[in-house]
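Trainee: My structure is in my_file_31.csv, and what it holds is CSV, N, CA and C atoms:
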chain,number,residue,atom,x,y,z
U,1382,MET,N,-35.9,-13.9,165.5
U,1382,MET,CA,-36.8,-12.9,165.1
U,1382,MET,C,-36.5,-12.4,163.7
U,1383,PRO,N,-37.5,-12.3,162.9
U,1383,PRO,CA,-37.2,-11.9,161.5
U,1383,PRO,C,-36.6,-10.5,161.4
U,1384,ASN,N,-35.9,-10.3,160.3
U,1384,ASN,CA,-35.3,-9.0,160.0
U,1384,ASN,C,-36.4,-8.1,159.4
U,1385,LYS,N,-37.5,-7.8,160.1
U,1385,LYS,CA,-38.6,-7.0,159.6
U,1385,LYS,C,-39.1,-6.1,160.7
U,1386,HIS,N,-39.6,-5.0,160.3
U,1386,HIS,CA,-40.3,-4.1,161.2
U,1386,HIS,C,-41.6,-4.7,161.6
U,1387,PHE,N,-42.2,-4.2,162.7
U,1387,PHE,CA,-43.6,-4.5,163.0
U,1387,PHE,C,-44.5,-3.7,162.2
U,1388,CYS,N,-45.6,-4.2,161.8
U,1388,CYS,CA,-46.6,-3.4,161.1
U,1388,CYS,C,-47.0,-2.1,161.8
U,1389,GLN,N,-47.0,-1.0,161.1
U,1389,GLN,CA,-47.3,0.3,161.7
U,1389,GLN,C,-48.8,0.6,161.7
U,1390,GLY,N,-49.6,-0.3,161.1
U,1390,GLY,CA,-51.0,0.0,161.0
U,1390,GLY,C,-51.6,0.2,162.4
U,1391,PRO,N,-52.5,1.2,162.6
U,1391,PRO,CA,-53.1,1.5,163.9
U,1391,PRO,C,-54.0,0.4,164.4
U,1392,ASN,N,-54.6,-0.4,163.6
U,1392,ASN,CA,-55.6,-1.4,164.0
U,1392,ASN,C,-55.1,-2.8,163.6
U,1393,CYS,N,-53.9,-3.0,163.3
U,1393,CYS,CA,-53.4,-4.4,162.9
U,1393,CYS,C,-53.5,-5.4,164.0
U,1394,HIS,N,-53.3,-4.9,165.2
U,1394,HIS,CA,-53.3,-5.8,166.4
U,1394,HIS,C,-54.7,-6.1,166.9
U,1395,THR,N,-55.7,-5.5,166.3
U,1395,THR,CA,-57.1,-5.7,166.7
U,1395,THR,C,-57.9,-6.5,165.8
U,1396,GLN,N,-57.4,-6.8,164.6
U,1396,GLN,CA,-58.1,-7.6,163.6
U,1396,GLN,C,-58.0,-9.1,163.9
U,1397,VAL,N,-59.1,-9.7,164.0
U,1397,VAL,CA,-59.1,-11.1,164.5
U,1397,VAL,C,-59.0,-12.0,163.3
U,1398,THR,N,-57.8,-12.7,163.1
U,1398,THR,CA,-57.6,-13.6,162.1
U,1398,THR,C,-56.8,-14.8,162.7
U,1399,GLN,N,-56.8,-15.9,162.0
U,1399,GLN,CA,-56.1,-17.1,162.5
U,1399,GLN,C,-54.6,-16.9,162.7
U,1400,ASP,N,-54.0,-16.2,161.7
U,1400,ASP,CA,-52.5,-16.0,161.8
U,1400,ASP,C,-52.1,-15.0,162.8
U,1401,ARG,N,-53.0,-14.2,163.3
U,1401,ARG,CA,-52.6,-13.2,164.4
U,1401,ARG,C,-52.9,-13.7,165.8
U,1402,PHE,N,-53.6,-14.9,165.9
U,1402,PHE,CA,-54.0,-15.4,167.2
U,1402,PHE,C,-52.9,-16.2,167.8
U,1403,LEU,N,-52.5,-16.0,169.1
U,1403,LEU,CA,-51.6,-16.8,169.8
U,1403,LEU,C,-52.3,-17.5,170.9
U,1404,LYS,N,-52.6,-18.8,170.6
U,1404,LYS,CA,-53.4,-19.6,171.5
U,1404,LYS,C,-52.9,-19.7,172.9
U,1405,SER,N,-51.6,-19.9,173.1
U,1405,SER,CA,-51.0,-20.1,174.4
U,1405,SER,C,-51.3,-18.9,175.4
U,1406,ARG,N,-51.4,-17.7,174.9
U,1406,ARG,CA,-51.6,-16.6,175.7
U,1406,ARG,C,-53.0,-15.9,175.5
U,1407,GLY,N,-53.7,-16.4,174.5
U,1407,GLY,CA,-55.1,-15.8,174.2
U,1407,GLY,C,-55.1,-14.4,173.8
U,1408,VAL,N,-54.1,-14.0,172.9
U,1408,VAL,CA,-54.0,-12.7,172.4
U,1408,VAL,C,-54.0,-12.6,170.9
U,1409,ILE,N,-54.4,-11.5,170.4
U,1409,ILE,CA,-54.3,-11.2,169.0
U,1409,ILE,C,-53.1,-10.2,168.8
U,1410,ARG,N,-52.1,-10.6,168.0
U,1410,ARG,CA,-50.9,-9.8,167.8
U,1410,ARG,C,-50.9,-9.2,166.4
U,1411,GLY,N,-50.2,-8.0,166.4
U,1411,GLY,CA,-49.9,-7.4,165.1
U,1411,GLY,C,-49.0,-8.2,164.2
U,1412,ARG,N,-49.0,-8.1,162.9
U,1412,ARG,CA,-48.1,-8.8,162.1
U,1412,ARG,C,-46.8,-8.1,161.9
U,1413,TYR,N,-45.9,-8.9,161.3
U,1413,TYR,CA,-44.6,-8.2,160.8
U,1413,TYR,C,-44.9,-7.6,159.5
U,1414,ALA,N,-44.1,-6.6,159.1
U,1414,ALA,CA,-44.2,-6.0,157.8
U,1414,ALA,C,-43.9,-7.1,156.7
U,1415,SER,N,-44.4,-6.8,155.5
U,1415,SER,CA,-44.3,-7.9,154.5
U,1415,SER,C,-42.9,-8.1,153.9
U,1416,THR,N,-42.0,-7.1,154.0
U,1416,THR,CA,-40.7,-7.1,153.3
U,1416,THR,C,-39.6,-7.0,154.3
U,1417,ASN,N,-38.5,-7.6,154.1
U,1417,ASN,CA,-37.3,-7.5,155.0
U,1417,ASN,C,-36.8,-6.0,155.0
U,1418,MET,N,-36.1,-5.6,156.1
U,1418,MET,CA,-35.6,-4.3,156.2
U,1418,MET,C,-34.5,-4.0,155.2
U,1419,ASP,N,-33.7,-5.0,154.9
U,1419,ASP,CA,-32.5,-4.8,154.0
U,1419,ASP,C,-32.8,-5.1,152.5
U,1420,TYR,N,-34.1,-5.2,152.2
U,1420,TYR,CA,-34.4,-5.5,150.8
U,1420,TYR,C,-34.1,-4.3,149.9
U,1421,ASN,N,-33.4,-4.5,148.8
U,1421,ASN,CA,-33.0,-3.4,147.9
U,1421,ASN,C,-34.1,-3.2,146.8
U,1422,PHE,N,-34.9,-2.2,146.9
U,1422,PHE,CA,-36.0,-1.9,146.0
U,1422,PHE,C,-35.5,-1.4,144.6
U,1423,GLU,N,-34.3,-0.9,144.5
U,1423,GLU,CA,-33.9,-0.3,143.3
U,1423,GLU,C,-33.5,-1.3,142.2
U,1424,SER,N,-33.3,-2.5,142.6
U,1424,SER,CA,-33.0,-3.6,141.6
U,1424,SER,C,-34.3,-4.5,141.5
U,1425,GLY,N,-34.8,-4.6,140.3
U,1425,GLY,CA,-35.9,-5.5,140.1
U,1425,GLY,C,-37.2,-4.8,139.9
U,1426,TRP,N,-38.2,-5.5,139.6
U,1426,TRP,CA,-39.5,-4.9,139.3
U,1426,TRP,C,-40.4,-4.7,140.5
U,1427,TYR,N,-40.0,-5.3,141.7
U,1427,TYR,CA,-40.8,-5.2,142.9
U,1427,TYR,C,-40.4,-3.9,143.7
U,1428,ASN,N,-40.8,-2.7,143.2
U,1428,ASN,CA,-40.5,-1.5,143.9
U,1428,ASN,C,-41.6,-1.1,144.8
U,1429,ASN,N,-41.6,-1.7,146.0
U,1429,ASN,CA,-42.7,-1.5,146.9
U,1429,ASN,C,-42.1,-1.2,148.3
U,1430,THR,N,-41.8,0.1,148.6
U,1430,THR,CA,-41.3,0.4,149.9
U,1430,THR,C,-42.3,0.3,151.0
U,1431,ARG,N,-43.6,0.3,150.7
U,1431,ARG,CA,-44.6,0.1,151.7
U,1431,ARG,C,-44.4,-1.2,152.4
U,1432,GLY,N,-43.9,-2.2,151.8
U,1432,GLY,CA,-43.7,-3.5,152.4
U,1432,GLY,C,-42.7,-3.5,153.6
U,1433,LYS,N,-41.9,-2.5,153.7
U,1433,LYS,CA,-41.0,-2.4,154.9
U,1433,LYS,C,-41.7,-2.0,156.1
U,1434,TYR,N,-42.8,-1.4,156.0
U,1434,TYR,CA,-43.5,-0.8,157.2
U,1434,TYR,C,-44.9,-1.3,157.5
U,1435,PHE,N,-45.5,-1.9,156.5
U,1435,PHE,CA,-46.9,-2.3,156.7
U,1435,PHE,C,-47.1,-3.8,156.2
U,1436,CYS,N,-48.0,-4.5,156.8
U,1436,CYS,CA,-48.3,-5.9,156.3
U,1436,CYS,C,-49.2,-5.9,155.1
U,1437,SER,N,-50.0,-4.9,154.9
U,1437,SER,CA,-51.0,-4.9,153.8
U,1437,SER,C,-51.3,-3.5,153.4
U,1438,GLN,N,-52.0,-3.4,152.3
U,1438,GLN,CA,-52.4,-2.1,151.8
U,1438,GLN,C,-53.5,-1.5,152.7
U,1439,GLY,N,-54.3,-2.3,153.3
U,1439,GLY,CA,-55.3,-1.8,154.3
U,1439,GLY,C,-54.7,-1.1,155.5
U,1440,CYS,N,-53.6,-1.7,156.0
U,1440,CYS,CA,-52.9,-1.1,157.2
U,1440,CYS,C,-52.3,0.2,156.8
U,1441,LYS,N,-51.7,0.2,155.5
U,1441,LYS,CA,-51.1,1.5,155.1
U,1441,LYS,C,-52.1,2.6,155.0
U,1442,LEU,N,-53.3,2.3,154.4
U,1442,LEU,CA,-54.3,3.3,154.2
U,1442,LEU,C,-54.9,3.7,155.5
U,1443,SER,N,-55.1,2.8,156.5
U,1443,SER,CA,-55.6,3.2,157.8
U,1443,SER,C,-54.6,4.1,158.5
U,1444,TRP,N,-53.3,3.8,158.4
U,1444,TRP,CA,-52.3,4.6,159.0
U,1444,TRP,C,-52.3,6.0,158.4
U,1445,LEU,N,-52.4,6.1,157.1
U,1445,LEU,CA,-52.5,7.4,156.5
U,1445,LEU,C,-53.7,8.2,156.9
U,1446,SER,N,-54.8,7.6,157.0
U,1446,SER,CA,-56.0,8.3,157.5
U,1446,SER,C,-55.9,8.8,158.9
U,1447,VAL,N,-55.2,8.1,159.8
U,1447,VAL,CA,-55.0,8.5,161.1
U,1447,VAL,C,-54.0,9.6,161.2
U,1448,ASN,N,-52.9,9.5,160.4
U,1448,ASN,CA,-51.7,10.4,160.6
U,1448,ASN,C,-51.6,11.5,159.5
U,1449,MET,N,-52.6,11.7,158.6
U,1449,MET,CA,-52.5,12.7,157.6
U,1449,MET,C,-52.4,14.1,158.1
U,1450,ASP,N,-53.1,14.4,159.2
U,1450,ASP,CA,-53.0,15.8,159.7
U,1450,ASP,C,-51.6,16.0,160.3
U,1451,ASN,N,-51.0,15.1,160.9
U,1451,ASN,CA,-49.7,15.2,161.4
U,1451,ASN,C,-48.7,15.4,160.3
U,1452,ILE,N,-48.9,14.7,159.2
U,1452,ILE,CA,-48.0,14.8,158.1
U,1452,ILE,C,-48.1,16.2,157.5
U,1453,GLU,N,-49.3,16.7,157.3
U,1453,GLU,CA,-49.6,18.0,156.7
U,1453,GLU,C,-49.0,19.2,157.6
U,1454,GLN,N,-49.1,19.0,158.9
U,1454,GLN,CA,-48.6,20.0,159.9
U,1454,GLN,C,-47.1,19.9,160.2
U,1455,GLY,N,-46.4,18.8,159.7
U,1455,GLY,CA,-45.0,18.6,159.9
U,1455,GLY,C,-44.7,18.1,161.3
U,1456,ARG,N,-45.7,17.5,162.0
U,1456,ARG,CA,-45.5,17.0,163.4
U,1456,ARG,C,-44.9,15.6,163.3
U,1457,PRO,N,-44.0,15.2,164.3
U,1457,PRO,CA,-43.5,13.9,164.3
U,1457,PRO,C,-44.5,12.8,164.6
U,1458,ILE,N,-44.3,11.6,164.0
U,1458,ILE,CA,-45.2,10.5,164.2
U,1458,ILE,C,-44.4,9.4,164.8
U,1459,GLU,N,-44.9,8.8,165.9
U,1459,GLU,CA,-44.2,7.8,166.6
U,1459,GLU,C,-44.1,6.5,165.8
U,1460,PHE,N,-42.9,5.9,165.8
U,1460,PHE,CA,-42.6,4.7,165.1
U,1460,PHE,C,-42.8,3.5,166.0
U,1461,ILE,N,-43.5,2.5,165.7
U,1461,ILE,CA,-43.8,1.4,166.6
U,1461,ILE,C,-42.7,0.4,166.5
U,1462,ARG,N,-42.0,0.2,167.7
U,1462,ARG,CA,-40.8,-0.6,167.8
U,1462,ARG,C,-41.1,-1.9,168.5
U,1463,HIS,N,-42.3,-2.2,169.0
U,1463,HIS,CA,-42.7,-3.4,169.7
U,1463,HIS,C,-43.9,-4.0,169.1
U,1464,ARG,N,-44.1,-5.2,169.3
U,1464,ARG,CA,-45.3,-5.9,168.8
U,1464,ARG,C,-46.5,-5.6,169.7
U,1465,ARG,N,-47.5,-5.1,169.1
U,1465,ARG,CA,-48.7,-4.7,169.9
U,1465,ARG,C,-49.6,-5.9,170.0
U,1466,GLU,N,-50.4,-6.0,171.1
U,1466,GLU,CA,-51.3,-7.1,171.3
U,1466,GLU,C,-52.6,-6.7,171.9
U,1467,SER,N,-53.7,-7.4,171.6
U,1467,SER,CA,-55.0,-7.2,172.2
U,1467,SER,C,-55.3,-8.5,172.9
U,1468,GLY,N,-55.6,-8.5,174.2
U,1468,GLY,CA,-55.8,-9.7,175.0
U,1468,GLY,C,-57.3,-10.0,175.1
U,1469,GLY,N,-57.5,-11.2,175.7
U,1469,GLY,CA,-58.9,-11.6,176.0
U,1469,GLY,C,-59.6,-12.4,174.9
U,1470,TYR,N,-58.9,-13.3,174.2
U,1470,TYR,CA,-59.5,-14.1,173.2
U,1470,TYR,C,-59.4,-15.5,173.4
U,1471,GLU,N,-60.2,-16.4,172.9
U,1471,GLU,CA,-60.0,-17.8,172.9
U,1471,GLU,C,-60.5,-18.4,171.6
U,1472,LYS,N,-60.0,-19.6,171.3
U,1472,LYS,CA,-60.4,-20.3,170.1
U,1472,LYS,C,-61.4,-21.3,170.5
U,1473,THR,N,-62.6,-21.3,169.8
U,1473,THR,CA,-63.6,-22.3,170.0
U,1473,THR,C,-63.9,-23.1,168.8
U,1474,SER,N,-64.4,-24.3,169.1
U,1474,SER,CA,-64.8,-25.2,168.0
U,1474,SER,C,-66.2,-25.7,168.2
U,1475,GLU,N,-66.9,-25.9,167.1
U,1475,GLU,CA,-68.3,-26.3,167.1
U,1475,GLU,C,-68.4,-27.4,166.0
U,1476,THR,N,-69.0,-28.5,166.3
U,1476,THR,CA,-69.2,-29.6,165.3
U,1476,THR,C,-70.7,-29.6,165.0
U,1477,VAL,N,-71.0,-29.5,163.7
U,1477,VAL,CA,-72.4,-29.5,163.2
U,1477,VAL,C,-72.6,-30.6,162.2
U,1478,ASN,N,-73.7,-31.4,162.3
U,1478,ASN,CA,-74.0,-32.4,161.4
U,1478,ASN,C,-75.0,-31.9,160.4
U,1479,HIS,N,-74.6,-31.9,159.1
U,1479,HIS,CA,-75.4,-31.3,158.0
U,1479,HIS,C,-76.2,-32.4,157.3
U,1480,GLY,N,-76.2,-33.6,157.8
U,1480,GLY,CA,-76.9,-34.7,157.2
U,1480,GLY,C,-76.0,-35.6,156.3
U,1481,TRP,N,-75.0,-35.0,155.7
U,1481,TRP,CA,-74.1,-35.8,154.9
U,1481,TRP,C,-72.7,-35.9,155.6
U,1482,GLY,N,-72.6,-35.5,156.8
U,1482,GLY,CA,-71.4,-35.6,157.6
U,1482,GLY,C,-71.2,-34.5,158.5
U,1483,ASP,N,-70.3,-34.7,159.5
U,1483,ASP,CA,-70.0,-33.7,160.5
U,1483,ASP,C,-69.0,-32.7,159.9
U,1484,ARG,N,-69.2,-31.5,160.3
U,1484,ARG,CA,-68.3,-30.4,159.9
U,1484,ARG,C,-67.9,-29.6,161.2
U,1485,THR,N,-66.6,-29.4,161.4
U,1485,THR,CA,-66.2,-28.7,162.6
U,1485,THR,C,-65.8,-27.2,162.1
U,1486,TYR,N,-66.4,-26.3,162.8
U,1486,TYR,CA,-66.1,-24.9,162.6
U,1486,TYR,C,-65.3,-24.3,163.7
U,1487,THR,N,-64.2,-23.7,163.5
U,1487,THR,CA,-63.4,-23.0,164.5
U,1487,THR,C,-63.5,-21.5,164.3
U,1488,SER,N,-63.5,-20.8,165.5
U,1488,SER,CA,-63.6,-19.4,165.4
U,1488,SER,C,-62.8,-18.8,166.7
U,1489,ILE,N,-62.5,-17.6,166.6
U,1489,ILE,CA,-61.8,-16.9,167.7
U,1489,ILE,C,-62.8,-15.9,168.2
U,1490,LYS,N,-63.1,-16.0,169.5
U,1490,LYS,CA,-64.1,-15.1,170.1
U,1490,LYS,C,-63.5,-14.4,171.3
U,1491,ARG,N,-64.0,-13.2,171.5
U,1491,ARG,CA,-63.6,-12.3,172.6
U,1491,ARG,C,-64.2,-12.9,173.9
U,1492,VAL,N,-63.3,-12.9,175.0
U,1492,VAL,CA,-63.7,-13.5,176.3
U,1492,VAL,C,-63.8,-12.3,177.3
U,1493,ASP,N,-64.9,-12.3,178.0
U,1493,ASP,CA,-65.1,-11.3,179.0
U,1493,ASP,C,-64.6,-11.8,180.3
U,1494,ASN,N,-63.4,-11.3,180.8
U,1494,ASN,CA,-62.8,-11.9,182.0
U,1494,ASN,C,-63.3,-11.1,183.3
U,1495,ARG,N,-64.1,-10.2,183.1
U,1495,ARG,CA,-64.6,-9.4,184.3
U,1495,ARG,C,-65.6,-10.3,185.1
U,1496,THR,N,-65.6,-10.2,186.4
U,1496,THR,CA,-66.5,-11.0,187.2
U,1496,THR,C,-67.5,-10.0,187.8
U,1497,GLU,N,-68.7,-10.3,187.8
U,1497,GLU,CA,-69.8,-9.5,188.4
U,1497,GLU,C,-69.9,-9.8,189.9
U,1498,LEU,N,-69.9,-8.7,190.7
U,1498,LEU,CA,-70.1,-8.8,192.1
U,1498,LEU,C,-71.5,-8.5,192.5
U,1499,ASP,N,-72.1,-9.4,193.3
U,1499,ASP,CA,-73.5,-9.1,193.7
U,1499,ASP,C,-73.5,-8.2,194.9
Using the file provided, produce a representation of the structure as structure tokens.
Mentor:
Amino acid sequence: MPNKHFCQGPNCHTQVTQDRFLKSRGVIRGRYASTNMDYNFESGWYNNTRGKYFCSQGCKLSWLSVNMDNIEQGRPIEFIRHRRESGGYEKTSETVNHGWGDRTYTSIKRVDNRTELD
């Protein structure tokens, strides 16, 4: 396991991208933060402490928008210590002939696992 925190972004585990998809279990997982926990920011030009807690600027800004009231009121905010997942996805492929050759498109789609009872 990498020496990194899990991304603290509230919606990181729900964004459907190829690198977040785990095919064997059909889940979308949150990413690791972009920087190692023991990285020393005081030496060098890369002074980005955001990288220890978030995978991207978008996750940082969405976390701030969700938790800003708690910060202003001095209330504690839960630190995420486990990797969050969203289940019910599958990878699909479709081959299309455009006239000059076949092209295969892959995508990740939500699967409805509920069964309708008559």
Trainee: Rounded to one decimal in Å, what is the spacing between atom CA of Glu1471 of chain U and atom CA of Lys1404 of chain U?
Mentor: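 Atom-to-atom, atom CA of Glu1471 of chain U and atom CA of Lys1404 of chain U are spaced 7.0 Å apart.
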Trainee: Find the distance between atom CA of Gln1396 of chain U and atom CA of Thr1487 of chain U and write it in Å to one decimal.
Mentor: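 Distance between the two atoms: 16.3 Å.
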Trainee: Which residue, U:Lys1433, U:Arg1462, U:Lys1490, U:Lys1472, has the smallest gap to Tyr1413 of chain U when you use all atoms listed in the file?
Mentor: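 For Tyr1413 of chain U, the nearest of the candidates is U:Lys1433.
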Trainee: Kindly give the distance, in Å, that separates atom N of Ala1414 of chain U and atom N of Gly1469 of chain U, rounded to a single decimal.
Mentor: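 Computing it gives 21.8 Å between the two atoms.
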Trainee: According to DSSP computed on the backbone, where in chain U is there alpha helix (DSSP H)? Give the residues as a list in words.
Mentor: Gln1438, Gly1439, Cys1440, Lys1441, Leu1442, Ser1443, Trp1444, Leu1445, Ser1446, Val1447, Asn1448, Met1449, Asp1450, Asn1451, Ile1452, Glu1453 and Gln1454 of chain U
Trainee: Please identify all polymer residues within 12 Å of segment 1447-1458 of chain U, counting only C-alpha atoms, omitting same-chain residues fewer than 4 positions from it, and present them as number ranges by chain.
Mentor: U: 1389-1392, 1440-1443
Trainee: Would you return as a list in words the members of chain U that DSSP assigns to strand (DSSP E or B) on this structure's backbone?
Mentor: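 Everything in chain U that counts as strand (DSSP E or B) is Phe1387, Phe1402, Leu1403, Val1408, Ile1409, Arg1410, Tyr1413, Glu1466, Ser1467, Gly1468, Tyr1470, Glu1471, Lys1472, Thr1473, Ser1474, Glu1475, Thr1476, Val1477, Asn1478, Asp1483, Arg1484, Thr1485, Tyr1486, Thr1487, Ser1488, Ile1489, Lys1490 and Arg1491 of chain U.
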Trainee: Measuring atom to atom with only N, CA and C atoms, identify which of U:Gly1480, U:Gly1439, U:Gly1468, U:Gly1432 is nearest to Ile1409 of chain U.
Mentor: U:Gly1468
Trainee: Check the smallest atom-to-atom distance from each of U:Glu1459, U:Ser1488, U:Asn1384, U:Tyr1470 to Gln1399 of chain U using only C-alpha atoms, then report the winner.
Mentor: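 For Gln1399 of chain U, the nearest of the given residues is U:Ser1488.
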Trainee: Rank U:Glu1466, U:Glu1475, U:Asp1493, U:Asp1483 by their smallest atom-to-atom distance to Val1408 of chain U, using only N, CA and C atoms, and report the top residue only.
Mentor: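 The shortest atom-to-atom distance to Val1408 of chain U comes from U:Glu1466.
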Trainee: Identify the residues around (-53.9, -9.0, 165.9) within a radius of 6 Å, measuring from all atoms listed in the file in the coordinates stated by the file, and give them as a ChimeraX atom specification.
Mentor: /U:1393-1397,1401-1402,1409-1412,1467
Trainee: With distances taken over only C-alpha atoms, which residue among U:Ser1415, U:Ser1474, U:His1479, U:Tyr1420 lies nearest Gln1438 of chain U?
Mentor: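 Nearest to Gln1438 of chain U: U:Ser1415.
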Trainee: When distances are computed from all atoms listed in the file, which of U:Phe1460, U:Cys1388, U:Asn1478, U:Thr1398 shows the smallest separation from Ser1437 of chain U?
Mentor: U:Cys1388
Trainee: Since the input has fewer atoms than a full residue there, write segment 1438-1456 of chain U out with N, CA, C and O atoms, as a PDB file, in the coordinates of the input.
Mentor:
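This is the output file rebuild_29.pdb:
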ATOM      1  N   GLN U1438     -52.000  -3.400 152.300  1.00  0.00           N
ATOM      2  CA  GLN U1438     -52.400  -2.100 151.800  1.00  0.00           C
ATOM      3  C   GLN U1438     -53.500  -1.500 152.700  1.00  0.00           C
ATOM      4  O   GLN U1438     -53.494  -0.275 152.916  1.00  0.00           O
ATOM      5  N   GLY U1439     -54.300  -2.300 153.300  1.00  0.00           N
ATOM      6  CA  GLY U1439     -55.300  -1.800 154.300  1.00  0.00           C
ATOM      7  C   GLY U1439     -54.700  -1.100 155.500  1.00  0.00           C
ATOM      8  O   GLY U1439     -55.146  -0.105 155.951  1.00  0.00           O
ATOM      9  N   CYS U1440     -53.600  -1.700 156.000  1.00  0.00           N
ATOM     10  CA  CYS U1440     -52.900  -1.100 157.200  1.00  0.00           C
ATOM     11  C   CYS U1440     -52.300   0.200 156.800  1.00  0.00           C
ATOM     12  O   CYS U1440     -52.252   1.138 157.528  1.00  0.00           O
ATOM     13  N   LYS U1441     -51.700   0.200 155.500  1.00  0.00           N
ATOM     14  CA  LYS U1441     -51.100   1.500 155.100  1.00  0.00           C
ATOM     15  C   LYS U1441     -52.100   2.600 155.000  1.00  0.00           C
ATOM     16  O   LYS U1441     -51.922   3.715 155.422  1.00  0.00           O
ATOM     17  N   LEU U1442     -53.300   2.300 154.400  1.00  0.00           N
ATOM     18  CA  LEU U1442     -54.300   3.300 154.200  1.00  0.00           C
ATOM     19  C   LEU U1442     -54.900   3.700 155.500  1.00  0.00           C
ATOM     20  O   LEU U1442     -55.220   4.931 155.720  1.00  0.00           O
ATOM     21  N   SER U1443     -55.100   2.800 156.500  1.00  0.00           N
ATOM     22  CA  SER U1443     -55.600   3.200 157.800  1.00  0.00           C
ATOM     23  C   SER U1443     -54.600   4.100 158.500  1.00  0.00           C
ATOM     24  O   SER U1443     -54.963   5.025 159.243  1.00  0.00           O
ATOM     25  N   TRP U1444     -53.300   3.800 158.400  1.00  0.00           N
ATOM     26  CA  TRP U1444     -52.300   4.600 159.000  1.00  0.00           C
ATOM     27  C   TRP U1444     -52.300   6.000 158.400  1.00  0.00           C
ATOM     28  O   TRP U1444     -52.174   7.006 159.150  1.00  0.00           O
ATOM     29  N   LEU U1445     -52.400   6.100 157.100  1.00  0.00           N
ATOM     30  CA  LEU U1445     -52.500   7.400 156.500  1.00  0.00           C
ATOM     31  C   LEU U1445     -53.700   8.200 156.900  1.00  0.00           C
ATOM     32  O   LEU U1445     -53.581   9.424 157.130  1.00  0.00           O
ATOM     33  N   SER U1446     -54.800   7.600 157.000  1.00  0.00           N
ATOM     34  CA  SER U1446     -56.000   8.300 157.500  1.00  0.00           C
ATOM     35  C   SER U1446     -55.900   8.800 158.900  1.00  0.00           C
ATOM     36  O   SER U1446     -56.403   9.900 159.209  1.00  0.00           O
ATOM     37  N   VAL U1447     -55.200   8.100 159.800  1.00  0.00           N
ATOM     38  CA  VAL U1447     -55.000   8.500 161.100  1.00  0.00           C
ATOM     39  C   VAL U1447     -54.000   9.600 161.200  1.00  0.00           C
ATOM     40  O   VAL U1447     -54.101  10.593 161.983  1.00  0.00           O
ATOM     41  N   ASN U1448     -52.900   9.500 160.400  1.00  0.00           N
ATOM     42  CA  ASN U1448     -51.700  10.400 160.600  1.00  0.00           C
ATOM     43  C   ASN U1448     -51.600  11.500 159.500  1.00  0.00           C
ATOM     44  O   ASN U1448     -50.659  12.271 159.556  1.00  0.00           O
ATOM     45  N   MET U1449     -52.600  11.700 158.600  1.00  0.00           N
ATOM     46  CA  MET U1449     -52.500  12.700 157.600  1.00  0.00           C
ATOM     47  C   MET U1449     -52.400  14.100 158.100  1.00  0.00           C
ATOM     48  O   MET U1449     -51.606  14.900 157.586  1.00  0.00           O
ATOM     49  N   ASP U1450     -53.100  14.400 159.200  1.00  0.00           N
ATOM     50  CA  ASP U1450     -53.000  15.800 159.700  1.00  0.00           C
ATOM     51  C   ASP U1450     -51.600  16.000 160.300  1.00  0.00           C
ATOM     52  O   ASP U1450     -51.109  17.144 160.114  1.00  0.00           O
ATOM     53  N   ASN U1451     -51.000  15.100 160.900  1.00  0.00           N
ATOM     54  CA  ASN U1451     -49.700  15.200 161.400  1.00  0.00           C
ATOM     55  C   ASN U1451     -48.700  15.400 160.300  1.00  0.00           C
ATOM     56  O   ASN U1451     -47.732  16.196 160.434  1.00  0.00           O
ATOM     57  N   ILE U1452     -48.900  14.700 159.200  1.00  0.00           N
ATOM     58  CA  ILE U1452     -48.000  14.800 158.100  1.00  0.00           C
ATOM     59  C   ILE U1452     -48.100  16.200 157.500  1.00  0.00           C
ATOM     60  O   ILE U1452     -47.110  16.912 157.173  1.00  0.00           O
ATOM     61  N   GLU U1453     -49.300  16.700 157.300  1.00  0.00           N
ATOM     62  CA  GLU U1453     -49.600  18.000 156.700  1.00  0.00           C
ATOM     63  C   GLU U1453     -49.000  19.200 157.600  1.00  0.00           C
ATOM     64  O   GLU U1453     -48.494  20.156 157.106  1.00  0.00           O
ATOM     65  N   GLN U1454     -49.100  19.000 158.900  1.00  0.00           N
ATOM     66  CA  GLN U1454     -48.600  20.000 159.900  1.00  0.00           C
ATOM     67  C   GLN U1454     -47.100  19.900 160.200  1.00  0.00           C
ATOM     68  O   GLN U1454     -46.528  20.702 160.877  1.00  0.00           O
ATOM     69  N   GLY U1455     -46.400  18.800 159.700  1.00  0.00           N
ATOM     70  CA  GLY U1455     -45.000  18.600 159.900  1.00  0.00           C
ATOM     71  C   GLY U1455     -44.700  18.100 161.300  1.00  0.00           C
ATOM     72  O   GLY U1455     -43.590  18.288 161.817  1.00  0.00           O
ATOM     73  N   ARG U1456     -45.700  17.500 162.000  1.00  0.00           N
ATOM     74  CA  ARG U1456     -45.500  17.000 163.400  1.00  0.00           C
ATOM     75  C   ARG U1456     -44.900  15.600 163.300  1.00  0.00           C
ATOM     76  O   ARG U1456     -45.219  14.832 162.395  1.00  0.00           O
TER      77      ARG U1456
END
